[in-house]
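Peer 1: There's a structure below that I have some questions on.
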Amino acid sequence: EDKVVQSPLSLVVHEGDTVTLNCSYEVTNFRSLLWYKQEKKAPTFLFMLTSSGIEKKSGRLSSILDKKELFSILNITATQTGDSAVYLCAAQGGSEKLVFGKGMKLTVNP
Amino acid sequence: NAGVMQNPRHLVRRRGQEARLRCSPMKGHSHVYWYRQLPEEGLKFMVYLQKENIIDESGMPKERFSAEFPKEGPSILRIQQVVRGDSAAYFCASSLRDEQYFGPGTRLTVT
């Protein structure tokens with residue numbers, strides 16, 4: 001059965017800290033790995049990764065995929081209170097559906 | 001460019017009633033997906049539709065749940081004879097190719 005596992009499940013940091021979120025996956029006919037940020041409502045798209053070793057960056061966020069070891073990480077540098085959210089990792093296999101992890105709740109304290 | 005729209009945002013139904021959840025995809029998107037999020041759980045895939053076709057319904061419960069995406073109008077997720085266990089957030093996503101963009105969700109509460 002396809003599965004995605006995120007760790008840690010929750011993290012509390014202070015503003016300015018750097019955090020690393022982990023995501024491992026086992027998905028048949030893997031195609032892509034996606035990261036989303038979920039605040040109170042809609043999951044907001046962050047990154048889609050399809051190739052190993054190529055880092056994607058957006059401001060203070062970056063992400064990379066390792067298709068050999070079947071994992072991805074999401075880094076957030078110089079965290080701000082606005083980064084507090086649940087971060088979702090999802091893998092897409094042979095079908096179009098996304099298989100999600102349980103999410104990682106990040107709390108950034110001032 | 002409006003994002004994915006869902007309505008209602010909140011829906012309260014008594015046990016045994018029907019729930020209808022609507023989703024309008026982003027402009028130009030022809031693929032629609034429904035996911036369910038239970039408390040303390042990740043999002044679980046339910047169904048994938050294109051216009052007038054159900055492509056993958058492997059995540060749909062076998063009874064009481066149905067989905068459609070007609071040629072005109074929004075996609076509808078219909079839950080008949082709701083039970084307390086149906087209480088959850090239901091999210092719709094749409095895509096043009098691979099990246100799925102999510103709507104704000106409908107929070108269904110069954111009393």
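For the structure tokens, the naming scheme is as follows: chains receive sequential letters (A, B, ...) according to their order of presentation, residues are indexed from 1 within each chain, and ligands are indexed from 1 in presentation order.
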Using only C-alpha atoms, select each residue of chain A with any atom at most 9 Å away from an atom of chain B, and give the selection as a CSV table (one decimal) with all heavy atoms, in the first residue's frame.
Peer 2:
chain,number,residue,atom,x,y,z
A,32,SER,N,6.0,12.3,-8.6
A,32,SER,CA,6.4,13.6,-8.1
A,32,SER,C,6.1,13.6,-6.6
A,32,SER,O,5.3,12.9,-6.0
A,32,SER,CB,5.6,14.7,-8.8
A,32,SER,OG,4.2,14.5,-8.6
A,34,LEU,N,5.1,16.5,-3.6
A,34,LEU,CA,4.6,17.9,-3.4
A,34,LEU,C,4.6,18.3,-2.0
A,34,LEU,O,4.3,17.5,-1.1
A,34,LEU,CB,3.2,18.0,-4.0
A,34,LEU,CG,3.1,17.8,-5.5
A,34,LEU,CD1,2.8,16.3,-5.9
A,34,LEU,CD2,1.9,18.6,-6.1
A,40,LYS,N,-5.4,27.8,8.3
A,40,LYS,CA,-6.8,27.4,8.8
A,40,LYS,C,-7.6,26.8,7.7
A,40,LYS,O,-8.6,26.2,7.9
A,40,LYS,CB,-7.5,28.6,9.4
A,40,LYS,CG,-6.8,29.1,10.7
A,40,LYS,CD,-7.7,29.0,11.9
A,40,LYS,CE,-6.8,29.2,13.1
A,40,LYS,NZ,-7.3,29.8,14.2
A,41,LYS,N,-7.2,27.0,6.5
A,41,LYS,CA,-8.1,26.6,5.4
A,41,LYS,C,-7.4,25.8,4.3
A,41,LYS,O,-7.0,24.7,4.6
A,41,LYS,CB,-8.8,27.8,4.8
A,41,LYS,CG,-7.9,29.0,4.7
A,41,LYS,CD,-8.7,30.3,4.4
A,41,LYS,CE,-7.7,31.4,4.3
A,41,LYS,NZ,-8.3,32.7,4.0
A,42,ALA,N,-7.4,26.3,3.1
A,42,ALA,CA,-6.9,25.5,2.0
A,42,ALA,C,-5.4,25.2,2.1
A,42,ALA,O,-4.6,26.1,2.4
A,42,ALA,CB,-7.2,26.3,0.7
A,43,PRO,N,-5.0,24.0,1.8
A,43,PRO,CA,-3.6,23.7,1.6
A,43,PRO,C,-3.0,24.6,0.5
A,43,PRO,O,-3.6,24.6,-0.6
A,43,PRO,CB,-3.5,22.2,1.3
A,43,PRO,CG,-4.8,21.7,1.8
A,43,PRO,CD,-5.8,22.8,1.7
A,44,THR,N,-2.0,25.3,0.7
A,44,THR,CA,-1.4,26.2,-0.3
A,44,THR,C,-0.2,25.5,-0.9
A,44,THR,O,0.7,25.1,-0.2
A,44,THR,CB,-1.0,27.5,0.3
A,44,THR,OG1,-2.1,28.1,1.0
A,44,THR,CG2,-0.4,28.5,-0.7
A,45,PHE,N,-0.1,25.4,-2.2
A,45,PHE,CA,1.0,24.8,-2.9
A,45,PHE,C,2.3,25.5,-2.7
A,45,PHE,O,2.4,26.7,-2.8
A,45,PHE,CB,0.6,24.7,-4.4
A,45,PHE,CG,1.8,24.2,-5.3
A,45,PHE,CD1,2.0,22.8,-5.4
A,45,PHE,CD2,2.6,25.0,-5.9
A,45,PHE,CE1,3.0,22.3,-6.2
A,45,PHE,CE2,3.6,24.6,-6.7
A,45,PHE,CZ,3.8,23.2,-6.8
A,47,PHE,N,5.8,23.5,-3.4
A,47,PHE,CA,6.8,22.9,-4.3
A,47,PHE,C,6.3,21.6,-4.9
A,47,PHE,O,5.6,20.9,-4.3
A,47,PHE,CB,8.1,22.6,-3.7
A,47,PHE,CG,8.9,23.8,-3.1
A,47,PHE,CD1,9.0,23.9,-1.7
A,47,PHE,CD2,9.4,24.8,-3.9
A,47,PHE,CE1,9.6,25.0,-1.2
A,47,PHE,CE2,10.1,25.8,-3.4
A,47,PHE,CZ,10.2,26.0,-2.0
A,48,MET,N,6.7,21.4,-6.1
A,48,MET,CA,6.6,20.0,-6.7
A,48,MET,C,8.0,19.6,-7.2
A,48,MET,O,8.7,20.4,-7.9
A,48,MET,CB,5.6,20.0,-7.9
A,48,MET,CG,5.4,18.6,-8.4
A,48,MET,SD,4.1,18.5,-9.7
A,48,MET,CE,5.0,19.0,-11.1
A,88,LEU,N,2.3,19.9,4.8
A,88,LEU,CA,1.9,18.6,4.2
A,88,LEU,C,2.8,18.2,3.1
A,88,LEU,O,3.2,19.0,2.3
A,88,LEU,CB,0.4,18.7,3.7
A,88,LEU,CG,-0.6,19.2,4.6
A,88,LEU,CD1,-2.0,19.4,3.9
A,88,LEU,CD2,-0.9,18.1,5.7
A,92,GLN,N,2.9,11.5,-5.5
A,92,GLN,CA,2.0,11.1,-6.6
A,92,GLN,C,2.6,9.9,-7.4
A,92,GLN,O,3.8,10.0,-7.7
A,92,GLN,CB,1.8,12.3,-7.6
A,92,GLN,CG,0.8,12.1,-8.7
A,92,GLN,CD,0.5,13.4,-9.4
A,92,GLN,OE1,1.5,14.1,-9.8
A,92,GLN,NE2,-0.7,13.7,-9.7
A,95,SER,N,-1.2,6.7,-10.6
A,95,SER,CA,-2.5,7.4,-10.8
A,95,SER,C,-2.3,8.9,-10.5
A,95,SER,O,-1.3,9.3,-10.1
A,95,SER,CB,-3.5,6.7,-9.9
A,95,SER,OG,-3.3,7.0,-8.6
A,96,GLU,N,-3.4,9.6,-10.7
A,96,GLU,CA,-3.3,11.1,-10.5
A,96,GLU,C,-3.4,11.4,-9.0
A,96,GLU,O,-3.1,12.5,-8.6
A,96,GLU,CB,-4.4,11.7,-11.2
A,96,GLU,CG,-4.4,11.6,-12.8
A,96,GLU,CD,-3.2,12.3,-13.4
A,96,GLU,OE1,-2.9,13.4,-12.9
A,96,GLU,OE2,-2.6,11.8,-14.3
A,97,LYS,N,-3.9,10.5,-8.2
A,97,LYS,CA,-4.2,10.9,-6.8
A,97,LYS,C,-2.9,11.2,-6.0
A,97,LYS,O,-1.8,10.7,-6.3
A,97,LYS,CB,-5.0,9.8,-6.1
A,97,LYS,CG,-4.2,8.5,-5.9
A,97,LYS,CD,-5.1,7.4,-5.3
A,97,LYS,CE,-4.3,6.2,-5.0
A,97,LYS,NZ,-5.1,5.1,-4.5
A,98,LEU,N,-3.0,12.1,-5.0
A,98,LEU,CA,-2.0,12.4,-4.1
A,98,LEU,C,-2.1,11.5,-2.8
A,98,LEU,O,-3.2,11.4,-2.3
A,98,LEU,CB,-2.0,13.8,-3.7
A,98,LEU,CG,-1.7,14.8,-4.9
A,98,LEU,CD1,-1.7,16.3,-4.4
A,98,LEU,CD2,-0.3,14.5,-5.5
A,99,VAL,N,-1.0,11.0,-2.3
A,99,VAL,CA,-1.0,10.2,-1.1
A,99,VAL,C,-0.3,11.2,-0.1
A,99,VAL,O,0.8,11.5,-0.2
A,99,VAL,CB,-0.3,8.9,-1.2
A,99,VAL,CG1,-0.2,8.2,0.2
A,99,VAL,CG2,-0.9,8.0,-2.3
A,100,PHE,N,-1.0,11.6,1.0
A,100,PHE,CA,-0.5,12.5,1.9
A,100,PHE,C,0.0,11.9,3.2
A,100,PHE,O,-0.5,10.8,3.6
A,100,PHE,CB,-1.7,13.5,2.3
A,100,PHE,CG,-2.0,14.6,1.4
A,100,PHE,CD1,-2.8,14.4,0.3
A,100,PHE,CD2,-1.3,15.8,1.5
A,100,PHE,CE1,-3.1,15.4,-0.6
A,100,PHE,CE2,-1.6,16.8,0.6
A,100,PHE,CZ,-2.5,16.6,-0.5
A,101,GLY,N,1.0,12.5,3.8
A,101,GLY,CA,1.4,12.2,5.1
A,101,GLY,C,0.4,12.9,6.1
A,101,GLY,O,-0.5,13.6,5.7
A,102,LYS,N,0.6,12.7,7.4
A,102,LYS,CA,-0.3,13.2,8.4
A,102,LYS,C,0.0,14.7,8.6
A,102,LYS,O,-0.9,15.4,9.2
A,102,LYS,CB,-0.1,12.5,9.7
A,102,LYS,CG,-0.7,11.1,9.7
A,102,LYS,CD,-0.8,10.5,11.0
A,102,LYS,CE,-1.5,9.1,11.0
A,102,LYS,NZ,-1.7,8.5,12.3
A,103,GLY,N,1.1,15.2,8.1
A,103,GLY,CA,1.3,16.7,8.3
A,103,GLY,C,2.3,16.9,9.5
A,103,GLY,O,2.3,16.1,10.4
Peer 1: Could you list, as a list in words, every residue within 12 Å of Gly16 (chain B), counting only C-alpha atoms and ignoring same-chain residues fewer than 2 positions away?
Peer 2: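 Those residues are Val12, Arg13, Arg14, Glu18, Ala19, Arg64, Ile79, Gln80, Gln81, Val82, Val83, Arg84, Gly85, Asp86, Val110 and Thr111 of chain B.
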Peer 1: Could you pull the residues within 12 Å of Glu55 (chain A), counting only C-alpha atoms, minus those fewer than 3 positions along the same chain, as a ChimeraX atom specification?
Peer 2: /A:47-52,58,61-66,72-75
Peer 1: With N, CA and C atoms retained, export the selected residues as a PDB file, in the first residue's frame.
Peer 2:
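Below is the file out03.pdb, written as the result:
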ATOM      1  N   PHE A  47       5.817  23.461  -3.382  1.00  0.00           N
ATOM      2  CA  PHE A  47       6.775  22.931  -4.348  1.00  0.00           C
ATOM      3  C   PHE A  47       6.282  21.611  -4.935  1.00  0.00           C
ATOM      4  N   MET A  48       6.710  21.353  -6.146  1.00  0.00           N
ATOM      5  CA  MET A  48       6.591  20.025  -6.728  1.00  0.00           C
ATOM      6  C   MET A  48       7.971  19.601  -7.192  1.00  0.00           C
ATOM      7  N   LEU A  49       8.385  18.406  -6.785  1.00  0.00           N
ATOM      8  CA  LEU A  49       9.724  17.902  -7.102  1.00  0.00           C
ATOM      9  C   LEU A  49       9.583  16.612  -7.888  1.00  0.00           C
ATOM     10  N   THR A  50      10.328  16.532  -8.970  1.00  0.00           N
ATOM     11  CA  THR A  50      10.289  15.313  -9.778  1.00  0.00           C
ATOM     12  C   THR A  50      11.664  14.711  -9.987  1.00  0.00           C
ATOM     13  N   SER A  51      12.699  15.520  -9.855  1.00  0.00           N
ATOM     14  CA  SER A  51      14.061  15.038 -10.138  1.00  0.00           C
ATOM     15  C   SER A  51      14.903  15.050  -8.875  1.00  0.00           C
ATOM     16  N   SER A  52      15.743  14.048  -8.743  1.00  0.00           N
ATOM     17  CA  SER A  52      16.623  13.952  -7.571  1.00  0.00           C
ATOM     18  C   SER A  52      17.677  15.031  -7.594  1.00  0.00           C
ATOM     19  N   SER A  58      12.116  29.092  -2.808  1.00  0.00           N
ATOM     20  CA  SER A  58      11.177  30.193  -2.884  1.00  0.00           C
ATOM     21  C   SER A  58      11.355  31.011  -1.618  1.00  0.00           C
ATOM     22  N   LEU A  61      12.203  29.398   1.855  1.00  0.00           N
ATOM     23  CA  LEU A  61      11.874  27.973   1.787  1.00  0.00           C
ATOM     24  C   LEU A  61      12.651  27.314   0.659  1.00  0.00           C
ATOM     25  N   SER A  62      13.082  26.087   0.913  1.00  0.00           N
ATOM     26  CA  SER A  62      13.722  25.308  -0.138  1.00  0.00           C
ATOM     27  C   SER A  62      13.409  23.840   0.104  1.00  0.00           C
ATOM     28  N   SER A  63      13.509  23.066  -0.968  1.00  0.00           N
ATOM     29  CA  SER A  63      13.173  21.656  -0.857  1.00  0.00           C
ATOM     30  C   SER A  63      14.001  20.861  -1.848  1.00  0.00           C
ATOM     31  N   ILE A  64      14.251  19.604  -1.491  1.00  0.00           N
ATOM     32  CA  ILE A  64      15.040  18.744  -2.361  1.00  0.00           C
ATOM     33  C   ILE A  64      14.507  17.323  -2.247  1.00  0.00           C
ATOM     34  N   LEU A  65      14.729  16.564  -3.296  1.00  0.00           N
ATOM     35  CA  LEU A  65      14.210  15.202  -3.384  1.00  0.00           C
ATOM     36  C   LEU A  65      15.367  14.213  -3.577  1.00  0.00           C
ATOM     37  N   ASP A  66      15.290  13.077  -2.905  1.00  0.00           N
ATOM     38  CA  ASP A  66      16.256  11.995  -3.094  1.00  0.00           C
ATOM     39  C   ASP A  66      15.471  10.748  -3.506  1.00  0.00           C
ATOM     40  N   SER A  72      12.261  13.350   0.961  1.00  0.00           N
ATOM     41  CA  SER A  72      12.404  14.755   0.623  1.00  0.00           C
ATOM     42  C   SER A  72      12.513  15.551   1.916  1.00  0.00           C
ATOM     43  N   ILE A  73      13.168  16.694   1.847  1.00  0.00           N
ATOM     44  CA  ILE A  73      13.191  17.601   2.985  1.00  0.00           C
ATOM     45  C   ILE A  73      12.722  18.984   2.548  1.00  0.00           C
ATOM     46  N   LEU A  74      12.117  19.659   3.499  1.00  0.00           N
ATOM     47  CA  LEU A  74      11.709  21.053   3.308  1.00  0.00           C
ATOM     48  C   LEU A  74      12.438  21.864   4.372  1.00  0.00           C
ATOM     49  N   ASN A  75      13.201  22.841   3.936  1.00  0.00           N
ATOM     50  CA  ASN A  75      13.931  23.713   4.853  1.00  0.00           C
ATOM     51  C   ASN A  75      13.279  25.084   4.906  1.00  0.00           C
TER      52      ASN A  75
END
Peer 1: Can you tell me, as a PyMOL selection string, which residues in chain B count as strand (DSSP E or B) by DSSP?
Peer 2: chain B and resi 5-7+10-13+19-24+31-37+43-50+53-56+65-68+75-79+88-95+101-102+106-110
Peer 1: Between A:Gly93, A:Lys57, A:Leu21, A:Thr79, which one has atoms that come closest to Pro110 (chain A), using only C-alpha atoms?
Peer 2: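 Selected residue with least distance to Pro110 (chain A): A:Thr79.
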